[in-house]
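The file query.cif comes next; it holds mmCIF, C-alpha atoms and all ligand atoms.
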data_entry
#
loop_
_atom_site.label_atom_id
_atom_site.label_comp_id
_atom_site.auth_asym_id
_atom_site.auth_seq_id
_atom_site.Cartn_x
_atom_site.Cartn_y
_atom_site.Cartn_z
CA MET S 1 -31.17 -14.56 26.75
CA VAL S 2 -32.07 -18.13 25.73
CA GLY S 3 -34.65 -18.25 22.95
CA GLU S 4 -34.42 -14.51 22.35
CA GLU S 5 -33.32 -13.48 18.88
CA HIS S 6 -30.38 -11.07 18.58
CA VAL S 7 -31.55 -7.87 16.93
CA SER S 8 -28.75 -5.91 15.34
CA MET S 9 -28.67 -2.18 16.08
CA LEU S 10 -27.98 -1.19 12.47
CA PRO S 11 -29.42 -2.76 9.34
CA GLN S 12 -26.83 -4.88 7.50
CA ALA S 13 -25.74 -3.42 4.17
CA PRO S 14 -26.55 -5.69 1.23
CA THR S 15 -23.60 -7.55 -0.29
CA LYS S 16 -22.58 -7.00 -3.91
CA ILE S 17 -19.85 -8.28 -6.18
CA TRP S 18 -16.81 -6.01 -6.05
CA LYS S 19 -14.54 -6.18 -9.08
CA ALA S 20 -11.08 -4.69 -9.40
CA GLU S 21 -7.60 -5.56 -10.56
CA VAL S 22 -5.25 -5.84 -7.60
CA ASN S 23 -1.55 -6.20 -8.35
CA GLY S 24 -2.31 -7.43 -11.86
CA ARG S 25 -4.86 -10.03 -10.75
CA GLN S 26 -8.57 -9.64 -11.44
CA ASN S 27 -10.75 -10.05 -8.34
CA GLU S 28 -14.47 -10.65 -8.03
CA ILE S 29 -15.44 -10.62 -4.38
CA LEU S 30 -18.67 -10.46 -2.41
CA ALA S 31 -18.51 -7.45 -0.09
CA PRO S 32 -20.99 -5.26 1.81
CA SER S 33 -22.04 -2.31 -0.34
CA ASN S 34 -20.67 0.08 2.30
CA ALA S 35 -17.30 -1.70 2.66
CA ILE S 36 -14.15 0.32 3.15
CA LEU S 37 -11.37 -0.46 0.66
CA LEU S 38 -8.87 -1.15 3.46
CA ASP S 39 -11.11 -3.92 4.84
CA VAL S 40 -11.71 -5.46 1.43
CA LEU S 41 -7.99 -5.50 0.61
CA ARG S 42 -6.94 -6.98 3.95
CA ASP S 43 -9.83 -9.31 4.73
CA LYS S 44 -11.02 -10.42 1.30
CA VAL S 45 -8.15 -9.97 -1.17
CA GLY S 46 -5.53 -10.94 1.44
CA THR S 47 -3.04 -8.14 0.75
CA LEU S 48 -1.92 -7.77 4.36
CA GLY S 49 0.83 -5.33 3.37
CA VAL S 50 -1.87 -2.64 3.47
CA LYS S 51 -1.61 -1.50 7.08
CA ARG S 52 -4.31 -0.14 9.36
CA GLY S 53 -2.75 2.62 11.42
CA CYS S 54 -5.04 5.43 12.58
CA ASP S 55 -8.09 4.38 10.51
CA MET S 56 -8.96 8.07 10.15
CA GLY S 57 -6.79 9.47 7.36
CA THR S 58 -3.87 10.89 9.28
CA CYS S 59 -0.99 8.36 9.18
CA GLY S 60 -0.71 7.19 5.55
CA CYS S 61 -0.03 3.54 6.50
CA CYS S 62 -2.97 2.31 4.43
CA THR S 63 -1.96 4.07 1.19
CA VAL S 64 -2.43 2.16 -2.06
CA MET S 65 -2.17 3.27 -5.68
CA ILE S 66 -5.48 3.50 -7.50
CA ASP S 67 -5.01 3.89 -11.24
CA GLY S 68 -1.52 5.19 -10.50
CA VAL S 69 -2.57 7.75 -7.86
CA PRO S 70 -1.84 7.23 -4.13
CA ARG S 71 -5.02 7.16 -2.01
CA LEU S 72 -5.80 6.37 1.61
CA SER S 73 -7.66 3.06 1.59
CA CYS S 74 -9.13 3.74 5.06
CA LEU S 75 -11.03 6.72 3.63
CA THR S 76 -12.05 5.09 0.34
CA MET S 77 -15.28 3.22 -0.21
CA ALA S 78 -14.52 -0.01 -2.03
CA PHE S 79 -17.35 0.39 -4.55
CA GLU S 80 -16.24 3.93 -5.35
CA VAL S 81 -13.09 2.46 -6.95
CA GLN S 82 -14.74 -0.56 -8.54
CA ASP S 83 -13.12 -1.65 -11.84
CA SER S 84 -9.92 0.27 -11.12
CA LYS S 85 -6.34 -0.96 -11.04
CA ILE S 86 -5.03 -1.10 -7.48
CA THR S 87 -1.41 -1.55 -6.49
CA THR S 88 -0.48 -2.47 -2.94
CA VAL S 89 3.05 -2.91 -1.61
CA GLU S 90 2.91 -6.56 -2.70
CA GLY S 91 2.59 -5.37 -6.30
CA LEU S 92 5.79 -3.31 -6.32
CA SER S 93 8.23 -6.21 -6.39
CA GLU S 94 9.45 -7.59 -9.68
CA GLY S 95 8.49 -11.23 -9.37
CA ALA S 96 10.39 -12.57 -6.37
CA HIS S 97 12.87 -9.65 -6.43
CA LEU S 98 12.51 -6.39 -4.59
CA ALA S 99 11.97 -3.26 -6.67
CA PRO S 100 14.73 -0.61 -6.38
CA ILE S 101 12.56 1.48 -4.04
CA GLN S 102 12.15 -1.49 -1.67
CA GLN S 103 15.81 -2.44 -1.84
CA CYS S 104 16.87 1.16 -1.14
CA PHE S 105 14.57 1.50 1.88
CA ALA S 106 16.22 -1.62 3.29
CA GLU S 107 19.77 -0.44 2.54
CA HIS S 108 19.47 3.20 3.61
CA GLY S 109 17.55 2.72 6.86
CA GLY S 110 14.29 4.02 5.39
CA SER S 111 12.53 1.15 7.13
CA GLN S 112 13.05 0.34 10.78
CA CYS S 113 10.05 -1.21 12.58
CA GLY S 114 8.49 -1.29 9.10
CA PHE S 115 4.88 -0.59 10.01
CA CYS S 116 4.72 2.66 8.05
CA THR S 117 6.88 1.35 5.19
CA PRO S 118 4.19 0.02 2.81
CA GLY S 119 2.53 3.45 2.70
CA PHE S 120 5.86 5.22 2.17
CA LEU S 121 6.83 2.80 -0.60
CA ILE S 122 3.58 3.43 -2.45
CA VAL S 123 3.81 7.24 -2.34
CA SER S 124 7.51 7.08 -3.23
CA GLN S 125 6.94 4.84 -6.23
CA ALA S 126 4.07 7.04 -7.40
CA LEU S 127 6.39 10.07 -7.19
CA LEU S 128 9.19 8.34 -9.12
CA ASN S 129 6.73 7.20 -11.81
CA GLU S 130 5.94 10.87 -12.45
CA ASN S 131 9.27 12.51 -11.68
CA LYS S 132 12.57 10.75 -12.38
CA SER S 133 14.71 13.39 -10.64
CA PRO S 134 12.76 14.88 -7.72
CA THR S 135 14.41 17.46 -5.49
CA ASP S 136 14.51 16.76 -1.75
CA GLN S 137 11.76 19.35 -1.40
CA GLU S 138 9.57 17.46 -3.89
CA VAL S 139 10.25 14.21 -2.03
CA SER S 140 9.27 15.87 1.25
CA CYS S 141 6.03 17.12 -0.32
CA ALA S 142 5.22 13.63 -1.66
CA ILE S 143 5.65 11.97 1.75
CA GLU S 144 4.11 14.72 3.86
CA GLY S 145 0.92 12.70 4.50
CA ASN S 146 2.85 9.72 5.88
CA LEU S 147 3.97 9.43 9.48
CA CYS S 148 6.98 7.49 10.74
CA ARG S 149 7.84 7.17 14.43
CA CYS S 150 11.26 5.56 13.88
CA THR S 151 13.45 6.96 11.13
CA GLY S 152 13.39 10.74 11.48
CA TYR S 153 12.53 10.94 7.75
CA GLN S 154 16.05 11.79 6.53
CA GLN S 155 16.81 8.15 5.75
CA ILE S 156 13.51 7.88 3.91
CA ILE S 157 14.43 10.83 1.70
CA GLU S 158 17.86 9.28 1.07
CA SER S 159 16.24 5.95 0.19
CA ILE S 160 13.95 7.60 -2.35
CA GLN S 161 16.81 9.56 -3.92
CA ALA S 162 18.91 6.37 -4.11
CA ALA S 163 16.08 4.55 -5.88
CA ALA S 164 15.65 7.48 -8.29
CA ALA S 165 19.36 7.23 -9.17
CA ILE S 166 19.03 3.48 -9.86
CA ASN S 167 15.90 4.01 -11.95
CA ARG S 168 17.71 6.66 -14.05
CA GLY S 169 20.62 4.25 -14.57
CA ASP S 170 23.05 6.58 -12.76
CA VAL S 171 24.16 3.81 -10.37
CA GLU S 172 24.04 0.03 -10.38
CA PRO S 173 21.65 -1.55 -7.87
CA ALA S 174 23.47 -3.35 -5.05
CA LYS S 175 23.44 -7.13 -5.17
CA PRO S 176 20.62 -8.56 -3.00
CA ALA S 177 21.94 -9.78 0.35
CA SER S 178 20.00 -13.03 0.08
CA GLU S 179 18.34 -15.25 -2.46
CA ALA S 180 14.84 -14.26 -3.54
CA HIS S 181 12.12 -16.01 -1.56
CA SER S 182 9.89 -18.19 -3.70
CA ASN S 183 6.76 -16.75 -2.08
CA PRO S 184 7.65 -13.35 -0.62
CA HIS S 185 4.04 -12.31 0.01
CA PRO S 186 1.97 -15.20 1.37
CA SER S 187 -1.66 -14.19 1.14
CA GLY S 188 -3.92 -13.68 4.12
CA PRO S 189 -7.36 -15.09 4.93
CA ASN S 190 -9.97 -15.31 2.18
S1 LIG S 201 -4.93 4.00 8.44
FE1 LIG S 201 -5.45 5.22 6.77
S2 LIG S 201 -4.45 7.09 7.09
FE2 LIG S 201 -4.03 5.95 8.89
S1 LIG S 202 9.78 2.55 10.44
FE1 LIG S 202 8.69 2.41 12.33
S2 LIG S 202 7.05 3.81 12.08
FE2 LIG S 202 8.25 4.10 10.33
#

Output the file's structure in the form of structure tokens.
Amino acid sequence: MVGEEHVSMLPQAPTKIWKAEVNGRQNEILAPSNAILLDVLRDKVGTLGVKRGCDMGTCGCCTVMIDGVPRLSCLTMAFEVQDSKITTVEGLSEGAHLAPIQQCFAEHGGSQCGFCTPGFLIVSQALLNENKSPTDQEVSCAIEGNLCRCTGYQQIIESIQAAAAINRGDVEPAKPASEAHSNPHPSGPN
């Protein structure tokens, strides 16, 4: 109504400076003290590779690595992981070149529509950082919290095993099909 002040139903949380290293870059960002990490990463840091799927901890699309450990960013309070090192899918590539895990997902059909892929890539890379030669059973355990509606999972397991073989030096990585893009991960809104 004209002249009537809007009264919000819930009190606004105070804003604070959130500090963390994201993909090797230090960030200092003003965020509400009750902010969810997923929102801070997408809306403030601009890492749009972090996907919002279910927003309730069941799909794995929003997974990021926090100090090397995969966590669901939709269930993580941003200030709970203040001062940590966060890796999103954008941080996996080696400069403008895809990491073996990314290349193998592309080559072995581990990514189809691609919406779930960032979460799968993060849990896969975390597994390979800890275990250079996982069994298929260990791969299945690592990805059990991630849902994919397209691939049937077998291609994802093959992609992870192919990347493990490249990382061990057992096979040569295939030549990239195209030239590296100069800016493969344009950032989102500030
Ligand atoms: S969006 Fe976080 S688990 Fe689905
Ligand atoms: S590739 Fe489409 S949901 Fe996994």

Exercise. One decimal, Å: what's the distance from atom CA of Asp55 of chain S over to atom CA of Ile29 of chain S, could you say?
Key: 22.4 Å

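Using all atoms listed in the file for every distance, the candidate list S:Ala13, S:Cys104, S:Ala20, S:Cys61 yields S:Cys61 as the residue closest to ligand LIG 201 (chain S).
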
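Between Ala35 of chain S and the residues S:Glu158, S:Glu80, S:Glu94, S:Glu107, the shortest atom-to-atom distance, using all atoms listed in the file, involves S:Glu80.
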
Taking all atoms listed in the file and a cut-off of 8 Å, can you tell me which residues surround ligand LIG 202 (chain S), written as a PDB file with C-alpha atoms, keeping the file's coordinate frame?
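Result written to pocket19.pdb:
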ATOM      1  CA  GLY S 110      14.290   4.020   5.390  1.00  0.00           C
ATOM      2  CA  SER S 111      12.530   1.150   7.130  1.00  0.00           C
ATOM      3  CA  GLN S 112      13.050   0.340  10.780  1.00  0.00           C
ATOM      4  CA  CYS S 113      10.050  -1.210  12.580  1.00  0.00           C
ATOM      5  CA  GLY S 114       8.490  -1.290   9.100  1.00  0.00           C
ATOM      6  CA  PHE S 115       4.880  -0.590  10.010  1.00  0.00           C
ATOM      7  CA  CYS S 116       4.720   2.660   8.050  1.00  0.00           C
ATOM      8  CA  THR S 117       6.880   1.350   5.190  1.00  0.00           C
ATOM      9  CA  LEU S 147       3.970   9.430   9.480  1.00  0.00           C
ATOM     10  CA  CYS S 148       6.980   7.490  10.740  1.00  0.00           C
ATOM     11  CA  ARG S 149       7.840   7.170  14.430  1.00  0.00           C
ATOM     12  CA  CYS S 150      11.260   5.560  13.880  1.00  0.00           C
ATOM     13  CA  THR S 151      13.450   6.960  11.130  1.00  0.00           C
TER      14      THR S 151
END

Rows by chain and residue number, chain S within 8 Å of ligand LIG 201 (chain S), shortest pair, only C-alpha atoms and all ligand atoms, as JSON lines:
{"residue": "S:Leu38", "atom": "CA", "partner": "S:LIG201", "partner_atom": "FE1", "distance": 8.0}
{"residue": "S:Lys51", "atom": "CA", "partner": "S:LIG201", "partner_atom": "S1", "distance": 6.6}
{"residue": "S:Arg52", "atom": "CA", "partner": "S:LIG201", "partner_atom": "S1", "distance": 4.3}
{"residue": "S:Gly53", "atom": "CA", "partner": "S:LIG201", "partner_atom": "S1", "distance": 3.9}
{"residue": "S:Cys54", "atom": "CA", "partner": "S:LIG201", "partner_atom": "FE2", "distance": 3.9}
{"residue": "S:Asp55", "atom": "CA", "partner": "S:LIG201", "partner_atom": "S1", "distance": 3.8}
{"residue": "S:Met56", "atom": "CA", "partner": "S:LIG201", "partner_atom": "FE2", "distance": 5.5}
{"residue": "S:Gly57", "atom": "CA", "partner": "S:LIG201", "partner_atom": "S2", "distance": 3.3}
{"residue": "S:Thr58", "atom": "CA", "partner": "S:LIG201", "partner_atom": "S2", "distance": 4.4}
{"residue": "S:Cys59", "atom": "CA", "partner": "S:LIG201", "partner_atom": "FE2", "distance": 3.9}
{"residue": "S:Gly60", "atom": "CA", "partner": "S:LIG201", "partner_atom": "S2", "distance": 4.0}
{"residue": "S:Cys61", "atom": "CA", "partner": "S:LIG201", "partner_atom": "FE2", "distance": 5.2}
{"residue": "S:Cys62", "atom": "CA", "partner": "S:LIG201", "partner_atom": "FE1", "distance": 4.5}
{"residue": "S:Thr63", "atom": "CA", "partner": "S:LIG201", "partner_atom": "FE1", "distance": 6.7}
{"residue": "S:Leu72", "atom": "CA", "partner": "S:LIG201", "partner_atom": "FE1", "distance": 5.3}
{"residue": "S:Ser73", "atom": "CA", "partner": "S:LIG201", "partner_atom": "FE1", "distance": 6.0}
{"residue": "S:Cys74", "atom": "CA", "partner": "S:LIG201", "partner_atom": "FE1", "distance": 4.3}
{"residue": "S:Leu75", "atom": "CA", "partner": "S:LIG201", "partner_atom": "FE1", "distance": 6.6}
{"residue": "S:Asn146", "atom": "CA", "partner": "S:LIG201", "partner_atom": "S2", "distance": 7.9}

Can you write out the residues you just picked, keeping C-alpha atoms, as a PDB file, in the frame of the given file?
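This went into out25.pdb:
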ATOM      1  CA  LEU S  38      -8.870  -1.150   3.460  1.00  0.00           C
ATOM      2  CA  LYS S  51      -1.610  -1.500   7.080  1.00  0.00           C
ATOM      3  CA  ARG S  52      -4.310  -0.140   9.360  1.00  0.00           C
ATOM      4  CA  GLY S  53      -2.750   2.620  11.420  1.00  0.00           C
ATOM      5  CA  CYS S  54      -5.040   5.430  12.580  1.00  0.00           C
ATOM      6  CA  ASP S  55      -8.090   4.380  10.510  1.00  0.00           C
ATOM      7  CA  MET S  56      -8.960   8.070  10.150  1.00  0.00           C
ATOM      8  CA  GLY S  57      -6.790   9.470   7.360  1.00  0.00           C
ATOM      9  CA  THR S  58      -3.870  10.890   9.280  1.00  0.00           C
ATOM     10  CA  CYS S  59      -0.990   8.360   9.180  1.00  0.00           C
ATOM     11  CA  GLY S  60      -0.710   7.190   5.550  1.00  0.00           C
ATOM     12  CA  CYS S  61      -0.030   3.540   6.500  1.00  0.00           C
ATOM     13  CA  CYS S  62      -2.970   2.310   4.430  1.00  0.00           C
ATOM     14  CA  THR S  63      -1.960   4.070   1.190  1.00  0.00           C
ATOM     15  CA  LEU S  72      -5.800   6.370   1.610  1.00  0.00           C
ATOM     16  CA  SER S  73      -7.660   3.060   1.590  1.00  0.00           C
ATOM     17  CA  CYS S  74      -9.130   3.740   5.060  1.00  0.00           C
ATOM     18  CA  LEU S  75     -11.030   6.720   3.630  1.00  0.00           C
ATOM     19  CA  ASN S 146       2.850   9.720   5.880  1.00  0.00           C
TER      20      ASN S 146
END

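Nearest residue to Ser124 of chain S, choosing from S:Gly46, S:Pro70, S:Pro173, S:Pro14 and counting all atoms listed in the file: S:Pro70.
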
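The interatomic distance for the pair atom CA of Lys175 of chain S and atom CA of Gln137 of chain S works out to 29.2 Å.
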
Could I get segment 14-25 of chain S rebuilt with all heavy atoms, written as a short mmCIF file (atom, residue, chain, number, x, y, z; two decimals), in the frame of the given file?
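result.cif, written as the output of this step:
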data_model
loop_
_atom_site.label_atom_id
_atom_site.label_comp_id
_atom_site.auth_asym_id
_atom_site.auth_seq_id
_atom_site.Cartn_x
_atom_site.Cartn_y
_atom_site.Cartn_z
N PRO S 14 -26.51 -4.55 2.14
CA PRO S 14 -26.55 -5.69 1.23
C PRO S 14 -25.17 -5.97 0.64
O PRO S 14 -24.36 -5.06 0.52
CB PRO S 14 -27.53 -5.23 0.13
CG PRO S 14 -27.55 -3.75 0.23
CD PRO S 14 -27.22 -3.38 1.64
N THR S 15 -24.90 -7.24 0.32
CA THR S 15 -23.60 -7.55 -0.29
C THR S 15 -23.73 -7.49 -1.82
O THR S 15 -24.79 -7.77 -2.37
CB THR S 15 -23.09 -8.94 0.12
OG1 THR S 15 -24.11 -9.88 -0.15
CG2 THR S 15 -22.71 -8.99 1.57
N LYS S 16 -22.62 -7.11 -2.44
CA LYS S 16 -22.58 -7.00 -3.91
C LYS S 16 -21.24 -7.56 -4.36
O LYS S 16 -20.33 -7.72 -3.56
CB LYS S 16 -22.67 -5.53 -4.35
CG LYS S 16 -23.96 -4.87 -3.95
CD LYS S 16 -24.18 -3.47 -4.49
CE LYS S 16 -23.06 -2.66 -5.00
NZ LYS S 16 -23.38 -1.26 -5.28
N ILE S 17 -21.14 -7.80 -5.67
CA ILE S 17 -19.85 -8.28 -6.18
C ILE S 17 -18.96 -7.08 -6.48
O ILE S 17 -19.35 -6.18 -7.24
CB ILE S 17 -20.03 -9.15 -7.44
CG1 ILE S 17 -20.78 -10.41 -7.07
CG2 ILE S 17 -18.68 -9.50 -8.06
CD1 ILE S 17 -21.03 -11.35 -8.21
N TRP S 18 -17.79 -7.08 -5.84
CA TRP S 18 -16.81 -6.01 -6.05
C TRP S 18 -15.75 -6.53 -7.02
O TRP S 18 -15.20 -7.61 -6.83
CB TRP S 18 -16.17 -5.66 -4.70
CG TRP S 18 -15.12 -4.59 -4.76
CD1 TRP S 18 -15.33 -3.25 -4.82
CD2 TRP S 18 -13.70 -4.76 -4.73
NE1 TRP S 18 -14.13 -2.58 -4.83
CE2 TRP S 18 -13.12 -3.48 -4.77
CE3 TRP S 18 -12.87 -5.88 -4.67
CZ2 TRP S 18 -11.73 -3.29 -4.76
CZ3 TRP S 18 -11.49 -5.69 -4.65
CH2 TRP S 18 -10.94 -4.40 -4.70
N LYS S 19 -15.52 -5.75 -8.08
CA LYS S 19 -14.54 -6.18 -9.08
C LYS S 19 -13.43 -5.14 -9.18
O LYS S 19 -13.72 -3.94 -9.29
CB LYS S 19 -15.18 -6.28 -10.47
CG LYS S 19 -16.22 -7.36 -10.60
CD LYS S 19 -16.71 -7.40 -12.03
CE LYS S 19 -17.99 -8.17 -12.09
NZ LYS S 19 -18.71 -8.00 -13.34
N ALA S 20 -12.21 -5.60 -9.18
CA ALA S 20 -11.08 -4.69 -9.40
C ALA S 20 -9.84 -5.53 -9.67
O ALA S 20 -9.78 -6.71 -9.30
CB ALA S 20 -10.84 -3.81 -8.18
N GLU S 21 -8.87 -4.89 -10.35
CA GLU S 21 -7.60 -5.56 -10.56
C GLU S 21 -6.65 -5.15 -9.44
O GLU S 21 -6.41 -3.97 -9.23
CB GLU S 21 -7.02 -5.13 -11.93
CG GLU S 21 -5.79 -5.90 -12.32
CD GLU S 21 -5.22 -5.39 -13.64
OE1 GLU S 21 -5.95 -5.33 -14.64
OE2 GLU S 21 -4.03 -5.02 -13.63
N VAL S 22 -6.19 -6.14 -8.70
CA VAL S 22 -5.25 -5.84 -7.60
C VAL S 22 -3.93 -6.52 -7.91
O VAL S 22 -3.86 -7.74 -8.07
CB VAL S 22 -5.80 -6.34 -6.24
CG1 VAL S 22 -4.83 -6.00 -5.11
CG2 VAL S 22 -7.17 -5.74 -5.94
N ASN S 23 -2.90 -5.70 -8.05
CA ASN S 23 -1.55 -6.20 -8.35
C ASN S 23 -1.56 -7.12 -9.58
O ASN S 23 -0.94 -8.18 -9.58
CB ASN S 23 -0.95 -6.92 -7.14
CG ASN S 23 -0.85 -6.00 -5.95
OD1 ASN S 23 -0.68 -4.79 -6.11
ND2 ASN S 23 -0.97 -6.54 -4.75
N GLY S 24 -2.31 -6.69 -10.59
CA GLY S 24 -2.31 -7.43 -11.86
C GLY S 24 -3.25 -8.61 -11.89
O GLY S 24 -3.36 -9.29 -12.91
N ARG S 25 -3.93 -8.89 -10.78
CA ARG S 25 -4.86 -10.03 -10.75
C ARG S 25 -6.29 -9.55 -10.62
O ARG S 25 -6.59 -8.73 -9.74
CB ARG S 25 -4.51 -10.96 -9.59
CG ARG S 25 -4.46 -12.41 -10.04
CD ARG S 25 -4.05 -13.34 -8.96
NE ARG S 25 -5.07 -13.42 -7.91
CZ ARG S 25 -4.86 -14.00 -6.75
NH1 ARG S 25 -3.69 -14.53 -6.47
NH2 ARG S 25 -5.81 -14.07 -5.85
#
